[in-house]
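The structure under discussion appears below in the form of structure tokens.
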Amino acid sequence: MGDQHEGRGEGDRRARAAGPQDLREEGLRLGTRGSRLALTQSEQVARALEGVGGPPISMVTVRTRGDGDRTPLRDLGGVGVFAARLRLALLGGEVDLAVHSCKDLPSTPVEGLGIICMPAREDARDALCARDGLGLEELPPGARVGTGSPRRAAQLLALRSDLEVVDLRGNVPTRLARVRGMAGALGVGRDEPVAPAVRDAEGDLDAVVLARAGLERLGLGHCVTQVLGVEEMLPAPAQGALALEARAGALQDCPALGRAAARLEDAATRLAVTAERALMAALGAGCAAPLGAWGRVVEVDAQAPGPQG
């Protein structure tokens with residue numbers, strides 16, 4: 001049976017190595033994780049590409065190592081574990097495209113792959129989702145605030161050293177469900193490939209901190225009780241941005257994809273994200289490191305006099 005299975009795998013890989021004409025006629029396969037956020041983001045990018053003349057795109061769910069593993073992200077090696085399996089699927093020909101939350105990508109590029117499109121970035125800021133509509137300053141002393149990010153944890157404690165920061169895993173709805181009163185009142189529900197750990201008692205936290213962009217993409221912006229400005233909490237490098245990745249040569253093999261990716265590309269997003277990720281790379285920081293960065297494109301009048309000494 002093992003030999004037969006291996007034979008089928010080789011046949012699949014040969015079939016997937018079809019030429020560009022087959023790709024144009026049959027459409028492309030976009031690999032995605034199975035979480036609600038990953039599926040939503042991938043679907044949004046796929047439909048946007050089709051909407052500007054791209055080829056038909058179908059979704060292929062790819063299970064990643066980080067899915068269902070309750071180990072803290074810093075011990076798993078950071079959120080890059082989510083991107084690694086998708087990249088292997090791309091290189092192996094299981095899928096033709098992948099959409100990543102750009103902040104989850106390690107700063108080191110992968111040979112044979114390239115980011116072919118960065119659509120316009122959503123809000124890069126973090127958001128507090130607290131019980132009873134509370135803001136950060138209104139949380140009682142010793143309030144329990146959940147986050148799986150060392151960056152968020154460090155900045156939370158810098159703002160409120162009295163808080164108890166609780167390590168948090170799980171997808172967005174699962175995290176929100178841990179805020180007291182939020183699951184029942186807002187009908188959030190869970191979004192997990194496996195049952196949550198025993199310690200993840202529903203309603204055991206006073207608040208959680210999440211990326212605002214993900215909440216908005218899921219239609220959960222109403223859960224936000226305070227948007228944390230960049231002066232209070234510096235976002236992760238590339239937070240709020242999406243990256244469409246493909247194998248090298250994909251744009252030449254499928255010109256319709258190349259034209260659609262160019263139309264969807266946002267230059268300002270690419271510039272800001274590139275600068276933020278360059279800082280991360282220069283510092284040798286992984287995507288789970290307690291590092292914040294926020295770049296933006298500012299128009300400067302070339303004729304204006306420079307600063308006076």
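FYI, nothing fancy with the structure tokens labels: chains A, B, ... in order, residues from 1 per chain, ligands from 1 as they appear.
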Could you pull the residues within 7 Å of range 259-276 of chain A, counting only C-alpha atoms, minus those fewer than 3 positions along the same chain, as a ChimeraX atom specification? /A:49,52-54,116-121,237-238,255-256,279-280,293-297
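Residues with any atom within 7 Å of Ala246 in chain A, counting only C-alpha atoms and excluding same-chain neighbours fewer than 5 positions away, are A:Leu90, A:Asp96, A:Leu97, A:Ala98, A:Leu113, A:Gly114, A:Ile115, A:Ile116.
Excluding Asp126 in chain A and any residue on its chain fewer than 3 positions from it, the residues at most 9 Å away by only C-alpha atoms are Asp123, Arg152, Val209, Leu210, Ala211, Arg212, Ala213, Gln226, Val227, Leu228, Gly229, Val230, Met233, Leu234, Pro235 and Gln239 of chain A.
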Among listed residues A:Ala124, A:Leu251, A:Ala207, A:Leu215, nearest Glu138 in chain A (using only C-alpha atoms): A:Ala207
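From CA of Glu232 in chain A back to CA of Arg180 in chain A, the distance works out to 24.2 Å.
Between CA of Glu122 in chain A and CA of Ala48 in chain A the separation is 14.8 Å.
Nearest to Pro106 in chain A of all the residues A:Val166, A:Ala289, A:Ala158, A:Val298 is A:Ala289, based on only C-alpha atoms.
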Any idea what's packed within 6 Å of Ala243 in chain A, counting only C-alpha atoms, ignoring anything in its chain fewer than 5 positions away? Could you give it as an mmCIF file with N, CA and C atoms, in the first residue's frame?
```cif
data_model
loop_
_atom_site.group_PDB
_atom_site.id
_atom_site.type_symbol
_atom_site.label_atom_id
_atom_site.label_comp_id
_atom_site.auth_asym_id
_atom_site.auth_seq_id
_atom_site.Cartn_x
_atom_site.Cartn_y
_atom_site.Cartn_z
ATOM 1 N N VAL A 99 -1.857 33.021 0.546
ATOM 2 C CA VAL A 99 -2.029 34.342 1.156
ATOM 3 C C VAL A 99 -1.583 34.244 2.611
ATOM 4 N N HIS A 100 -0.679 35.124 2.996
ATOM 5 C CA HIS A 100 -0.171 35.158 4.363
ATOM 6 C C HIS A 100 -0.545 36.474 5.040
ATOM 7 N N CYS A 102 1.115 39.169 6.559
ATOM 8 C CA CYS A 102 2.519 39.478 6.297
ATOM 9 C C CYS A 102 3.356 39.501 7.573
ATOM 10 N N MET A 118 1.116 42.784 -2.814
ATOM 11 C CA MET A 118 0.690 43.248 -1.499
ATOM 12 C C MET A 118 -0.473 44.215 -1.712
#
```
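One distance worth recording is that between CA of Leu139 in chain A and CA of Ala236 in chain A, which is 23.8 Å.
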For Pro173 in chain A, the nearest of the candidates A:Ala84, A:Leu244, A:Leu28, A:Leu220, counting only C-alpha atoms: A:Leu220
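Excluding Thr225 in chain A and any residue on its chain fewer than 6 positions from it, the residues at most 9 Å away by only C-alpha atoms are Ala127, Leu128, Cys129, Ala130, Arg131, Asp132, Gly133, Leu134, Gly135 and Leu136 of chain A.
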How would you write, as a ChimeraX atom specification, the set of residues in range 32-257 of chain A that DSSP gives as helix (DSSP H, G or I)? /A:36-51,73-76,80-91,102-104,131-133,150-159,172-177,182-186,212-217,221-223,250-253,255-257
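Considering only C-alpha atoms, the residue among A:Glu216, A:Asp301, A:Glu202, A:Asp162 positioned nearest to Arg178 in chain A is A:Glu202.
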